[in-house]
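Asker: Data: structure_27.cif, mmCIF, C-alpha atoms and all ligand atoms.
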data_entry
loop_
_atom_site.label_atom_id
_atom_site.label_comp_id
_atom_site.auth_asym_id
_atom_site.auth_seq_id
_atom_site.Cartn_x
_atom_site.Cartn_y
_atom_site.Cartn_z
CA MET A 25 0.00 0.00 0.00
CA VAL A 26 1.23 3.53 -0.81
CA LYS A 27 1.93 5.94 2.00
CA ILE A 28 -0.91 8.38 1.66
CA ALA A 29 -0.28 9.96 4.98
CA LYS A 30 -2.03 13.22 4.31
CA LEU A 31 -5.43 11.90 3.33
CA ASN A 32 -7.60 13.31 6.07
CA LYS A 33 -11.23 12.43 6.53
CA LYS A 34 -12.61 15.78 5.35
CA GLN A 35 -10.54 16.07 2.14
CA ASN A 36 -10.74 12.35 1.50
CA GLY A 37 -14.49 12.79 1.38
CA ASP A 38 -14.03 15.18 -1.53
CA MET A 39 -12.43 12.49 -3.66
CA VAL A 40 -14.54 10.09 -5.70
CA LEU A 41 -13.27 7.14 -7.70
CA LEU A 42 -15.51 5.79 -10.46
CA THR A 43 -15.03 3.06 -13.02
CA GLY A 44 -16.71 1.50 -16.02
CA SER A 45 -16.49 -2.13 -17.03
CA SER A 46 -13.09 -2.20 -18.76
CA HIS A 47 -11.01 -2.97 -15.64
CA PRO A 48 -12.99 -2.91 -12.36
CA GLU A 49 -10.35 -5.06 -10.57
CA LEU A 50 -7.71 -2.35 -11.05
CA ALA A 51 -10.13 0.36 -9.92
CA LYS A 52 -10.94 -1.67 -6.78
CA GLU A 53 -7.24 -2.10 -6.04
CA ILE A 54 -6.61 1.63 -6.46
CA ALA A 55 -9.56 2.39 -4.15
CA LYS A 56 -8.14 -0.01 -1.57
CA ASN A 57 -4.75 1.69 -1.76
CA LEU A 58 -6.42 5.06 -1.28
CA GLY A 59 -8.56 3.76 1.56
CA ILE A 60 -11.81 4.93 -0.06
CA PRO A 61 -14.76 2.97 -1.47
CA LEU A 62 -15.42 2.86 -5.21
CA GLY A 63 -18.26 5.14 -6.26
CA ASP A 64 -21.59 3.51 -7.07
CA VAL A 65 -22.28 3.39 -10.81
CA LEU A 66 -25.23 1.56 -12.30
CA LEU A 67 -24.00 0.33 -15.66
CA GLY A 68 -25.96 -1.62 -18.23
CA ARG A 69 -27.12 -1.77 -21.81
CA PHE A 70 -30.39 -0.88 -23.50
CA PRO A 71 -31.84 -3.80 -25.48
CA GLU A 72 -30.26 -2.53 -28.72
CA GLY A 73 -26.81 -2.31 -27.10
CA GLU A 74 -26.59 1.39 -26.21
CA ILE A 75 -24.80 2.09 -22.94
CA GLN A 76 -27.01 3.07 -20.01
CA LEU A 77 -25.53 4.36 -16.78
CA GLN A 78 -26.22 6.34 -13.67
CA ILE A 79 -23.84 7.60 -10.99
CA ARG A 80 -25.73 6.77 -7.82
CA ASP A 81 -23.65 8.81 -5.37
CA ASN A 82 -23.93 12.55 -4.97
CA ILE A 83 -20.75 13.91 -6.58
CA ARG A 84 -21.66 17.62 -6.59
CA GLY A 85 -18.49 19.64 -5.95
CA LYS A 86 -16.31 16.50 -5.75
CA ASP A 87 -12.89 15.73 -7.22
CA VAL A 88 -13.78 12.83 -9.50
CA PHE A 89 -11.31 10.28 -10.91
CA ILE A 90 -12.63 7.92 -13.58
CA VAL A 91 -10.47 4.81 -13.98
CA GLN A 92 -11.03 3.30 -17.42
CA PRO A 93 -8.26 1.89 -19.63
CA THR A 94 -9.57 1.98 -23.20
CA CYS A 95 -8.60 -1.64 -23.75
CA THR A 96 -10.41 -4.51 -25.50
CA PRO A 97 -13.19 -4.06 -26.53
CA PRO A 98 -11.70 -0.61 -27.27
CA ASN A 99 -14.78 1.08 -28.69
CA GLU A 100 -17.05 -0.05 -25.83
CA SER A 101 -14.44 1.00 -23.25
CA LEU A 102 -13.99 4.40 -24.85
CA MET A 103 -17.73 5.05 -25.17
CA GLU A 104 -18.29 4.08 -21.52
CA LEU A 105 -15.52 6.48 -20.51
CA LEU A 106 -17.04 9.35 -22.50
CA ILE A 107 -20.51 8.73 -21.09
CA LEU A 108 -19.17 8.50 -17.54
CA ILE A 109 -17.35 11.82 -17.99
CA ASP A 110 -20.54 13.38 -19.37
CA ALA A 111 -22.58 12.07 -16.45
CA ALA A 112 -20.04 13.38 -13.93
CA ARG A 113 -19.95 16.81 -15.59
CA ARG A 114 -23.75 17.07 -15.61
CA ALA A 115 -23.78 15.99 -11.95
CA SER A 116 -21.68 19.10 -11.12
CA ALA A 117 -18.39 17.40 -10.26
CA LYS A 118 -15.79 20.02 -9.33
CA ARG A 119 -13.05 18.42 -11.40
CA ILE A 120 -12.95 15.29 -13.56
CA THR A 121 -9.73 13.35 -14.19
CA ALA A 122 -9.75 10.59 -16.78
CA VAL A 123 -7.38 7.92 -15.46
CA LEU A 124 -6.14 6.01 -18.50
CA PRO A 125 -3.68 3.29 -17.46
CA PHE A 126 -3.79 2.23 -21.14
CA PHE A 127 -4.71 4.66 -23.91
CA GLY A 128 -6.09 2.73 -26.90
CA TYR A 129 -5.69 4.03 -30.45
CA ALA A 130 -2.32 5.48 -29.38
CA ARG A 131 -0.48 3.92 -32.30
CA GLN A 132 -2.56 5.93 -34.76
CA ASP A 133 -0.76 9.13 -33.82
CA ARG A 134 0.37 10.42 -37.24
CA LYS A 135 -0.38 10.29 -40.95
CA ASP A 136 2.09 7.65 -42.07
CA LYS A 137 0.13 6.90 -45.27
CA PRO A 138 -2.09 9.10 -47.43
CA ARG A 139 -5.74 9.45 -46.39
CA VAL A 140 -5.45 7.83 -42.95
CA PRO A 141 -6.90 9.38 -39.77
CA ILE A 142 -4.97 10.47 -36.68
CA THR A 143 -7.30 8.57 -34.38
CA ALA A 144 -5.26 9.18 -31.22
CA LYS A 145 -5.94 12.91 -31.64
CA LEU A 146 -9.62 12.28 -32.38
CA VAL A 147 -9.94 10.23 -29.17
CA ALA A 148 -8.16 12.95 -27.17
CA ASN A 149 -10.60 15.52 -28.59
CA LEU A 150 -13.55 13.34 -27.60
CA ILE A 151 -12.30 12.97 -24.01
CA VAL A 152 -11.80 16.72 -23.67
CA SER A 153 -15.16 17.54 -25.32
CA ALA A 154 -16.96 15.11 -23.01
CA GLY A 155 -15.78 17.24 -20.08
CA ALA A 156 -12.54 15.83 -18.65
CA ASN A 157 -10.44 18.49 -16.91
CA ARG A 158 -7.27 16.40 -16.56
CA VAL A 159 -5.80 13.15 -17.78
CA LEU A 160 -3.63 10.72 -15.84
CA ALA A 161 -1.99 8.33 -18.32
CA MET A 162 0.73 5.72 -18.15
CA ASP A 163 3.47 4.83 -20.63
CA LEU A 164 1.80 6.40 -23.64
CA HIS A 165 2.94 4.90 -26.94
CA ALA A 166 4.60 8.24 -27.72
CA GLY A 167 5.19 11.01 -25.19
CA GLN A 168 3.98 13.60 -27.72
CA ILE A 169 0.42 12.28 -27.36
CA GLN A 170 0.26 14.41 -24.19
CA GLY A 171 0.02 17.40 -26.53
CA PHE A 172 -3.10 15.97 -28.20
CA PHE A 173 -5.05 16.94 -25.08
CA ASP A 174 -5.63 20.66 -24.51
CA ILE A 175 -5.91 20.03 -20.76
CA PRO A 176 -3.21 19.04 -18.22
CA VAL A 177 -1.83 15.52 -18.65
CA ASP A 178 0.15 13.71 -15.97
CA HIS A 179 2.17 10.99 -17.63
CA LEU A 180 3.35 8.14 -15.40
CA TYR A 181 5.96 5.51 -16.20
CA SER A 182 5.90 1.98 -14.86
CA ILE A 183 9.70 1.67 -15.02
CA ASN A 184 10.09 1.58 -11.23
CA VAL A 185 7.52 -1.21 -10.86
CA LEU A 186 8.91 -3.36 -13.69
CA GLY A 187 12.52 -2.40 -13.00
CA SER A 188 12.48 -3.42 -9.32
CA TYR A 189 11.17 -6.86 -10.26
CA PHE A 190 14.17 -7.42 -12.52
CA LYS A 191 16.65 -5.87 -10.11
CA LYS A 192 15.67 -8.53 -7.57
CA LYS A 193 16.53 -11.26 -10.09
CA LYS A 194 20.17 -10.04 -10.13
CA ILE A 195 20.70 -11.19 -13.72
CA LYS A 196 24.35 -11.03 -14.78
CA ASP A 197 25.75 -9.98 -18.19
CA LEU A 198 22.63 -8.06 -19.03
CA VAL A 199 21.73 -6.10 -22.13
CA VAL A 200 18.49 -4.20 -22.66
CA VAL A 201 17.01 -4.43 -26.16
CA SER A 202 14.48 -2.23 -27.91
CA PRO A 203 12.51 -4.27 -30.46
CA ASP A 204 12.25 -1.25 -32.77
CA VAL A 205 13.82 2.12 -33.36
CA GLY A 206 10.81 3.92 -31.83
CA GLY A 207 11.49 2.35 -28.42
CA ILE A 208 15.08 3.57 -28.03
CA LYS A 209 14.28 6.25 -25.43
CA MET A 210 12.43 3.76 -23.24
CA ALA A 211 15.18 1.13 -23.55
CA ARG A 212 17.80 3.74 -22.69
CA GLY A 213 15.91 4.54 -19.46
CA TYR A 214 15.98 0.87 -18.45
CA ALA A 215 19.66 0.48 -19.44
CA LYS A 216 20.42 3.43 -17.16
CA LEU A 217 18.43 1.84 -14.32
CA PHE A 218 20.18 -1.53 -14.71
CA ASP A 219 23.54 0.09 -15.47
CA CYS A 220 24.03 -2.00 -18.61
CA ASP A 221 24.35 -1.59 -22.39
CA PHE A 222 21.46 -1.50 -24.78
CA ALA A 223 20.90 -2.80 -28.31
CA ILE A 224 18.27 -2.19 -30.98
CA VAL A 225 16.39 -4.51 -33.28
CA ASP A 226 15.73 -2.92 -36.65
CA LYS A 227 12.31 -4.31 -37.64
CA ARG A 228 10.06 -3.79 -40.63
CA ARG A 229 6.31 -4.26 -40.27
CA GLU A 230 4.84 -6.35 -43.10
CA ASN A 231 1.23 -5.95 -41.89
CA ALA A 232 -0.73 -5.55 -38.64
CA SER A 233 0.39 -8.96 -37.29
CA GLN A 234 3.71 -9.69 -39.00
CA THR A 235 7.10 -8.09 -38.60
CA HIS A 236 10.48 -8.90 -40.07
CA VAL A 237 13.84 -8.33 -38.35
CA MET A 238 16.41 -6.64 -40.61
CA HIS A 239 19.40 -6.05 -38.30
CA ILE A 240 20.48 -6.09 -34.67
CA ILE A 241 22.45 -3.01 -33.68
CA GLY A 242 24.65 -3.65 -30.63
CA ALA A 243 26.32 -6.63 -28.92
CA VAL A 244 24.03 -9.39 -27.65
CA ALA A 245 26.11 -12.59 -28.05
CA GLY A 246 26.75 -14.28 -24.68
CA LYS A 247 24.41 -11.84 -22.91
CA ASN A 248 21.12 -12.21 -21.07
CA VAL A 249 18.55 -9.99 -22.70
CA ILE A 250 15.57 -7.97 -21.52
CA ILE A 251 13.40 -6.76 -24.39
CA ILE A 252 11.58 -3.55 -23.44
CA ASP A 253 8.43 -2.28 -25.14
CA ASP A 254 5.34 -0.23 -24.36
CA MET A 255 2.82 -2.79 -25.63
CA ILE A 256 2.41 -6.28 -26.96
CA SER A 257 -0.49 -6.79 -29.32
CA THR A 258 -0.18 -9.79 -31.65
CA GLY A 259 3.24 -10.65 -30.21
CA GLY A 260 4.77 -10.54 -33.69
CA SER A 261 7.39 -7.88 -32.86
CA LEU A 262 8.44 -9.57 -29.64
CA VAL A 263 8.62 -13.15 -30.88
CA GLU A 264 10.51 -12.21 -34.07
CA ALA A 265 12.94 -10.05 -32.11
CA ALA A 266 13.54 -12.85 -29.58
CA LYS A 267 14.18 -15.36 -32.36
CA ALA A 268 16.70 -13.06 -34.06
CA LEU A 269 18.46 -12.34 -30.74
CA LYS A 270 18.78 -16.06 -29.99
CA THR A 271 20.24 -16.65 -33.47
CA ALA A 272 22.70 -13.84 -32.74
CA GLY A 273 23.92 -15.73 -29.64
CA ALA A 274 21.85 -14.24 -26.80
CA LEU A 275 21.43 -16.40 -23.65
CA ASP A 276 18.20 -16.09 -21.61
CA ILE A 277 15.59 -13.80 -23.12
CA TYR A 278 13.13 -11.91 -20.93
CA ALA A 279 10.57 -9.35 -22.04
CA ASN A 280 9.36 -6.40 -20.05
CA ILE A 281 6.29 -4.90 -21.66
CA VAL A 282 3.93 -2.40 -20.06
CA HIS A 283 0.54 -2.98 -21.72
CA PRO A 284 -0.54 -6.61 -22.34
CA VAL A 285 -3.02 -6.18 -25.19
CA LEU A 286 -2.31 -9.81 -26.21
CA ALA A 287 -4.63 -9.96 -29.22
CA GLY A 288 -5.46 -13.04 -31.31
CA SER A 289 -2.99 -15.87 -30.82
CA ALA A 290 -0.39 -13.74 -28.99
CA VAL A 291 -0.42 -15.97 -25.89
CA GLU A 292 0.18 -19.16 -27.92
CA ARG A 293 2.98 -17.33 -29.75
CA ILE A 294 4.63 -16.40 -26.45
CA GLN A 295 4.15 -19.91 -25.08
CA SER A 296 5.96 -21.54 -28.00
CA SER A 297 8.67 -18.87 -28.29
CA VAL A 298 12.23 -18.78 -26.95
CA ILE A 299 11.17 -16.17 -24.38
CA LYS A 300 11.85 -17.28 -20.81
CA GLU A 301 9.50 -14.87 -19.06
CA LEU A 302 7.24 -12.01 -20.10
CA ILE A 303 6.58 -9.40 -17.43
CA VAL A 304 3.64 -7.03 -17.92
CA THR A 305 1.61 -4.63 -15.78
CA ASN A 306 -2.09 -4.82 -14.96
CA SER A 307 -2.90 -1.69 -17.01
CA ILE A 308 -5.09 -4.14 -18.98
CA PRO A 309 -6.81 -7.15 -17.36
CA LEU A 310 -5.49 -10.61 -18.18
CA GLY A 311 -8.34 -13.03 -18.77
CA LYS A 312 -8.02 -16.57 -17.41
CA GLU A 313 -6.93 -17.92 -20.80
CA LYS A 314 -4.04 -15.44 -20.87
CA ARG A 315 -2.66 -16.40 -17.46
CA ILE A 316 0.13 -18.77 -18.40
CA LYS A 317 3.25 -19.57 -16.40
CA LYS A 318 5.51 -17.60 -18.69
CA ILE A 319 3.57 -14.37 -18.09
CA THR A 320 4.04 -12.45 -14.82
CA GLN A 321 1.72 -9.54 -14.13
CA LEU A 322 2.74 -6.75 -11.74
CA SER A 323 0.36 -4.23 -10.21
CA ILE A 324 0.50 -0.51 -10.96
CA ALA A 325 -2.38 0.21 -8.56
CA PRO A 326 -0.12 1.64 -5.80
CA LEU A 327 1.59 3.94 -8.33
CA LEU A 328 -1.74 5.19 -9.70
CA ALA A 329 -3.16 5.63 -6.19
CA ASP A 330 -0.11 7.66 -5.20
CA ALA A 331 -0.47 9.87 -8.29
CA ILE A 332 -4.22 10.33 -7.73
CA CYS A 333 -3.55 11.37 -4.16
CA ARG A 334 -0.91 13.88 -5.22
CA ILE A 335 -3.20 15.34 -7.90
CA HIS A 336 -6.00 15.64 -5.34
CA TYR A 337 -3.71 17.62 -3.00
CA ASN A 338 -2.10 19.64 -5.82
CA GLU A 339 1.28 18.08 -5.07
CA SER A 340 4.02 17.43 -7.58
CA ILE A 341 4.07 13.96 -9.11
CA SER A 342 7.56 14.32 -10.58
CA THR A 343 9.03 12.69 -7.47
CA LEU A 344 7.42 9.43 -8.62
CA PHE A 345 10.06 9.27 -11.34
CA SER A 346 13.12 10.35 -9.38
CA SER A 347 14.86 6.98 -9.54
CA ALA A 348 13.68 6.08 -13.01
CA GLY A 349 16.05 8.02 -15.21
CA VAL A 350 12.93 9.34 -16.95
CA GLU A 351 11.84 12.94 -16.77
CA ALA A 352 8.26 13.57 -15.67
C1 LIG B 401 5.19 -0.50 -31.88
O1 LIG B 401 5.61 0.59 -32.21
C2 LIG B 401 4.91 -0.88 -30.47
O2 LIG B 401 5.83 -0.32 -29.56
C3 LIG B 401 4.91 -2.39 -30.32
O3 LIG B 401 6.18 -2.87 -30.66
C4 LIG B 401 3.89 -3.01 -31.22
O4 LIG B 401 2.67 -2.33 -31.08
C5 LIG B 401 3.70 -4.47 -30.89
O5 LIG B 401 2.72 -4.98 -31.75
P1 LIG B 401 2.71 -6.54 -32.07
O6 LIG B 401 2.75 -7.26 -30.75
O7 LIG B 401 1.43 -6.75 -32.83
O8 LIG B 401 3.91 -6.82 -32.93
#
If you took the structure in this file and wrote it as structure tokens, what would it be?

Answerer:
Amino acid sequence: MVKIAKLNKKQNGDMVLLTGSSHPELAKEIAKNLGIPLGDVLLGRFPEGEIQLQIRDNIRGKDVFIVQPTCTPPNESLMELLILIDAARRASAKRITAVLPFFGYARQDRKDKPRVPITAKLVANLIVSAGANRVLAMDLHAGQIQGFFDIPVDHLYSINVLGSYFKKKKIKDLVVVSPDVGGIKMARGYAKLFDCDFAIVDKRRENASQTHVMHIIGAVAGKNVIIIDDMISTGGSLVEAAKALKTAGALDIYANIVHPVLAGSAVERIQSSVIKELIVTNSIPLGKEKRIKKITQLSIAPLLADAICRIHYNESISTLFSSAGVEA
């Protein structure tokens, strides 16, 4: 449990934590860490599938935090979030913070082909238009997405949570690997934390589920490897990178990936791969079928609870990153 020493009864009463159906377990864990109950939301569907909800607590003048990763099914999760924000705004909440442990559509953050949308920006616009006053996000696919929101964004990193797990393992002859050029900054942060070298896999994406490794930049032969990435979707990038690293002479291969989207046959791919262990956070729930021995899930609830508490009291959250080698 986080040390939330300054939560006093009066101010604590001003804080309300709500959630939709995308990840109630995480919301419950955050509430437990904060020492407050989860707000009462009646959530259902009209016969034709439209979302129907009602916030059953009085939230007039309250500091409302809505915990809702926009994970699978992404469109349902997003719509629930927007409707919850709208309901909170119309119920006269003093301030509404959208807590997005995982921000779906993040990969569609630029026009990389003609006539494609920038859906990450569209989603940010929707969240702001619905009435959110702040966003609390974690390990966004690209830091620049913060600028898509014209409201304050607090951007957390899970490096301390994932990093401490590995530090305890005391793995020798370590090298951190980014599975693509876009992940260099993140891998560098981990290499700094572990005080080791880092290498890069130069990958080309053939289509949404297949990637091809072109080169490995850096020394990996005779080394134990930790592959670092922000998300695993089909598992194509990770499994191909691991295979290429093994061929290049790497020893044990671990993967440290923040958001376990694990779409399609990703879990089977991991199971039959050369990867020794995949460590993920609980930014996205892992269904029963995804809980295999090779996958370890670590909780970010204490980190989110700490950040929520600091936001509530207008305290700096940059101290949460002091040992991470990552700037807040
Ligand atoms: C890409 O830029 C991301 O950081 C991940 O590497 C990618 O989204 C993983 O997707 P998949 O698991 O489908 O290869």

Asker: Check which residues fall inside 7 Å of ligand LIG 401 (chain B) when counting only C-alpha atoms and all ligand atoms, and print them as number ranges by chain.

Answerer: A: 131, 165, 203-204, 206-207, 232-235, 253-262

Asker: Take the residues that were just selected and, keeping C-alpha atoms, output them as an mmCIF file, in the frame of the given file.

Answerer:
data_model
loop_
_atom_site.group_PDB
_atom_site.id
_atom_site.type_symbol
_atom_site.label_atom_id
_atom_site.label_comp_id
_atom_site.auth_asym_id
_atom_site.auth_seq_id
_atom_site.Cartn_x
_atom_site.Cartn_y
_atom_site.Cartn_z
ATOM 1 C CA ARG A 131 -0.480 3.920 -32.300
ATOM 2 C CA HIS A 165 2.940 4.900 -26.940
ATOM 3 C CA PRO A 203 12.510 -4.270 -30.460
ATOM 4 C CA ASP A 204 12.250 -1.250 -32.770
ATOM 5 C CA GLY A 206 10.810 3.920 -31.830
ATOM 6 C CA GLY A 207 11.490 2.350 -28.420
ATOM 7 C CA ALA A 232 -0.730 -5.550 -38.640
ATOM 8 C CA SER A 233 0.390 -8.960 -37.290
ATOM 9 C CA GLN A 234 3.710 -9.690 -39.000
ATOM 10 C CA THR A 235 7.100 -8.090 -38.600
ATOM 11 C CA ASP A 253 8.430 -2.280 -25.140
ATOM 12 C CA ASP A 254 5.340 -0.230 -24.360
ATOM 13 C CA MET A 255 2.820 -2.790 -25.630
ATOM 14 C CA ILE A 256 2.410 -6.280 -26.960
ATOM 15 C CA SER A 257 -0.490 -6.790 -29.320
ATOM 16 C CA THR A 258 -0.180 -9.790 -31.650
ATOM 17 C CA GLY A 259 3.240 -10.650 -30.210
ATOM 18 C CA GLY A 260 4.770 -10.540 -33.690
ATOM 19 C CA SER A 261 7.390 -7.880 -32.860
ATOM 20 C CA LEU A 262 8.440 -9.570 -29.640
#

Asker: Take the point (1.5, 10.4, -24.8) in the file's coordinates, draw a sphere of radius 10 Å around it, and report as number ranges by chain every protein, DNA or RNA residue with an atom inside or on it, counting only C-alpha atoms.

Answerer: A: 127, 130, 133, 144, 161-173, 177-180

Asker: Measuring between all atoms listed in the file, which one of A:Ala274, A:Ala55, A:Ile60, A:Ala111 shows the shortest distance to Ile79 in chain A?

Answerer: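 Using all atoms listed in the file, the shortest distance to Ile79 in chain A belongs to A:Ala111.
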
Asker: Could you tell me how far CA of Leu327 in chain A sits from CA of Glu339 in chain A, in Å to one decimal place?

Answerer: 14.5 Å

Asker: Compare A:Ile316, A:Val201, A:Leu124, A:Leu328 by their minimum atom-to-atom distance to Lys56 in chain A, counting all atoms listed in the file, and give me the closest one.

Answerer: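 Once distances to Lys56 in chain A are computed over all atoms listed in the file, the minimum belongs to A:Leu328.
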
Asker: Using all atoms listed in the file, pick whichever of A:Ala148, A:Leu50, A:Val225, A:Ala329 has the shortest atom-to-atom distance to Gln132 in chain A.

Answerer: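 Ranking A:Ala148, A:Leu50, A:Val225, A:Ala329 by distance to Gln132 in chain A, first place goes to A:Ala148.
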
Asker: Which value, in Å to one decimal, gives the distance between CA of Phe222 in chain A and CA of Arg293 in chain A?

Answerer: 24.8 Å

Asker: In Å, how far is it from CA of Val199 in chain A to CA of Asp219 in chain A?

Answerer: 9.3 Å

Asker: Do you know which residues are at most 10 Å from range 104-110 of chain A counting all atoms listed in the file, after dropping those on the same chain fewer than 4 positions away, and could you put them as a PyMOL selection string?

Answerer: chain A and resi 42-46+65+67+74-79+88-94+98-100+114-115+117+120-124+147+150-157

Asker: Select, from A:Leu160, A:Pro48, A:Phe126, A:Ala287, the residue with the minimum atom-to-atom distance to Cys333 in chain A, counting all atoms listed in the file.

Answerer: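 The closest residue to Cys333 in chain A is A:Leu160.
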
Asker: All heavy atoms are needed for range 214-222 of chain A; please write them out as a PDB file, keeping the file's coordinate frame.

Answerer:
ATOM      1  N   TYR A 214      15.782   2.135 -19.158  1.00  0.00           N
ATOM      2  CA  TYR A 214      15.980   0.870 -18.450  1.00  0.00           C
ATOM      3  C   TYR A 214      17.470   0.522 -18.354  1.00  0.00           C
ATOM      4  O   TYR A 214      17.938   0.033 -17.324  1.00  0.00           O
ATOM      5  CB  TYR A 214      15.218  -0.270 -19.135  1.00  0.00           C
ATOM      6  CG  TYR A 214      13.760  -0.329 -18.732  1.00  0.00           C
ATOM      7  CD1 TYR A 214      12.805   0.436 -19.375  1.00  0.00           C
ATOM      8  CD2 TYR A 214      13.340  -1.142 -17.687  1.00  0.00           C
ATOM      9  CE1 TYR A 214      11.463   0.386 -19.009  1.00  0.00           C
ATOM     10  CE2 TYR A 214      12.005  -1.206 -17.317  1.00  0.00           C
ATOM     11  CZ  TYR A 214      11.068  -0.435 -17.981  1.00  0.00           C
ATOM     12  OH  TYR A 214       9.757  -0.491 -17.601  1.00  0.00           O
ATOM     13  N   ALA A 215      18.222   0.779 -19.450  1.00  0.00           N
ATOM     14  CA  ALA A 215      19.660   0.480 -19.440  1.00  0.00           C
ATOM     15  C   ALA A 215      20.335   1.313 -18.354  1.00  0.00           C
ATOM     16  O   ALA A 215      21.228   0.835 -17.647  1.00  0.00           O
ATOM     17  CB  ALA A 215      20.254   0.755 -20.813  1.00  0.00           C
ATOM     18  N   LYS A 216      19.861   2.552 -18.194  1.00  0.00           N
ATOM     19  CA  LYS A 216      20.420   3.430 -17.160  1.00  0.00           C
ATOM     20  C   LYS A 216      20.088   2.853 -15.775  1.00  0.00           C
ATOM     21  O   LYS A 216      20.946   2.796 -14.897  1.00  0.00           O
ATOM     22  CB  LYS A 216      19.816   4.830 -17.334  1.00  0.00           C
ATOM     23  CG  LYS A 216      20.485   5.894 -16.513  1.00  0.00           C
ATOM     24  CD  LYS A 216      19.950   7.252 -16.927  1.00  0.00           C
ATOM     25  CE  LYS A 216      20.306   8.306 -15.886  1.00  0.00           C
ATOM     26  NZ  LYS A 216      19.546   9.531 -16.061  1.00  0.00           N
ATOM     27  N   LEU A 217      18.858   2.407 -15.602  1.00  0.00           N
ATOM     28  CA  LEU A 217      18.430   1.840 -14.320  1.00  0.00           C
ATOM     29  C   LEU A 217      19.231   0.587 -13.964  1.00  0.00           C
ATOM     30  O   LEU A 217      19.615   0.383 -12.825  1.00  0.00           O
ATOM     31  CB  LEU A 217      16.933   1.520 -14.378  1.00  0.00           C
ATOM     32  CG  LEU A 217      16.272   1.029 -13.102  1.00  0.00           C
ATOM     33  CD1 LEU A 217      16.157   2.180 -12.098  1.00  0.00           C
ATOM     34  CD2 LEU A 217      14.865   0.503 -13.388  1.00  0.00           C
ATOM     35  N   PHE A 218      19.456  -0.263 -14.956  1.00  0.00           N
ATOM     36  CA  PHE A 218      20.180  -1.530 -14.710  1.00  0.00           C
ATOM     37  C   PHE A 218      21.700  -1.367 -14.859  1.00  0.00           C
ATOM     38  O   PHE A 218      22.439  -2.333 -14.681  1.00  0.00           O
ATOM     39  CB  PHE A 218      19.712  -2.619 -15.682  1.00  0.00           C
ATOM     40  CG  PHE A 218      18.263  -2.988 -15.558  1.00  0.00           C
ATOM     41  CD1 PHE A 218      17.504  -3.293 -16.682  1.00  0.00           C
ATOM     42  CD2 PHE A 218      17.632  -3.025 -14.330  1.00  0.00           C
ATOM     43  CE1 PHE A 218      16.156  -3.640 -16.589  1.00  0.00           C
ATOM     44  CE2 PHE A 218      16.282  -3.366 -14.217  1.00  0.00           C
ATOM     45  CZ  PHE A 218      15.554  -3.664 -15.340  1.00  0.00           C
ATOM     46  N   ASP A 219      22.118  -0.175 -15.263  1.00  0.00           N
ATOM     47  CA  ASP A 219      23.540   0.090 -15.470  1.00  0.00           C
ATOM     48  C   ASP A 219      24.149  -0.925 -16.454  1.00  0.00           C
ATOM     49  O   ASP A 219      25.112  -1.617 -16.136  1.00  0.00           O
ATOM     50  CB  ASP A 219      24.272   0.062 -14.111  1.00  0.00           C
ATOM     51  CG  ASP A 219      25.667   0.641 -14.226  1.00  0.00           C
ATOM     52  OD1 ASP A 219      25.908   1.408 -15.171  1.00  0.00           O
ATOM     53  OD2 ASP A 219      26.525   0.289 -13.381  1.00  0.00           O
ATOM     54  N   CYS A 220      23.522  -1.045 -17.607  1.00  0.00           N
ATOM     55  CA  CYS A 220      24.030  -2.000 -18.610  1.00  0.00           C
ATOM     56  C   CYS A 220      23.913  -1.381 -20.013  1.00  0.00           C
ATOM     57  O   CYS A 220      23.382  -0.284 -20.167  1.00  0.00           O
ATOM     58  CB  CYS A 220      23.233  -3.303 -18.539  1.00  0.00           C
ATOM     59  SG  CYS A 220      21.523  -3.157 -19.101  1.00  0.00           S
ATOM     60  N   ASP A 221      24.420  -2.090 -21.011  1.00  0.00           N
ATOM     61  CA  ASP A 221      24.350  -1.590 -22.390  1.00  0.00           C
ATOM     62  C   ASP A 221      22.954  -1.811 -22.967  1.00  0.00           C
ATOM     63  O   ASP A 221      22.166  -2.569 -22.401  1.00  0.00           O
ATOM     64  CB  ASP A 221      25.342  -2.362 -23.275  1.00  0.00           C
ATOM     65  CG  ASP A 221      26.763  -1.945 -22.950  1.00  0.00           C
ATOM     66  OD1 ASP A 221      26.955  -0.818 -22.447  1.00  0.00           O
ATOM     67  OD2 ASP A 221      27.673  -2.767 -23.180  1.00  0.00           O
ATOM     68  N   PHE A 222      22.698  -1.174 -24.109  1.00  0.00           N
ATOM     69  CA  PHE A 222      21.460  -1.500 -24.780  1.00  0.00           C
ATOM     70  C   PHE A 222      21.687  -1.710 -26.276  1.00  0.00           C
ATOM     71  O   PHE A 222      22.676  -1.254 -26.833  1.00  0.00           O
ATOM     72  CB  PHE A 222      20.344  -0.493 -24.486  1.00  0.00           C
ATOM     73  CG  PHE A 222      20.385   0.792 -25.263  1.00  0.00           C
ATOM     74  CD1 PHE A 222      19.598   0.941 -26.396  1.00  0.00           C
ATOM     75  CD2 PHE A 222      21.167   1.844 -24.855  1.00  0.00           C
ATOM     76  CE1 PHE A 222      19.612   2.135 -27.111  1.00  0.00           C
ATOM     77  CE2 PHE A 222      21.190   3.035 -25.560  1.00  0.00           C
ATOM     78  CZ  PHE A 222      20.406   3.187 -26.687  1.00  0.00           C
TER      79      PHE A 222
END
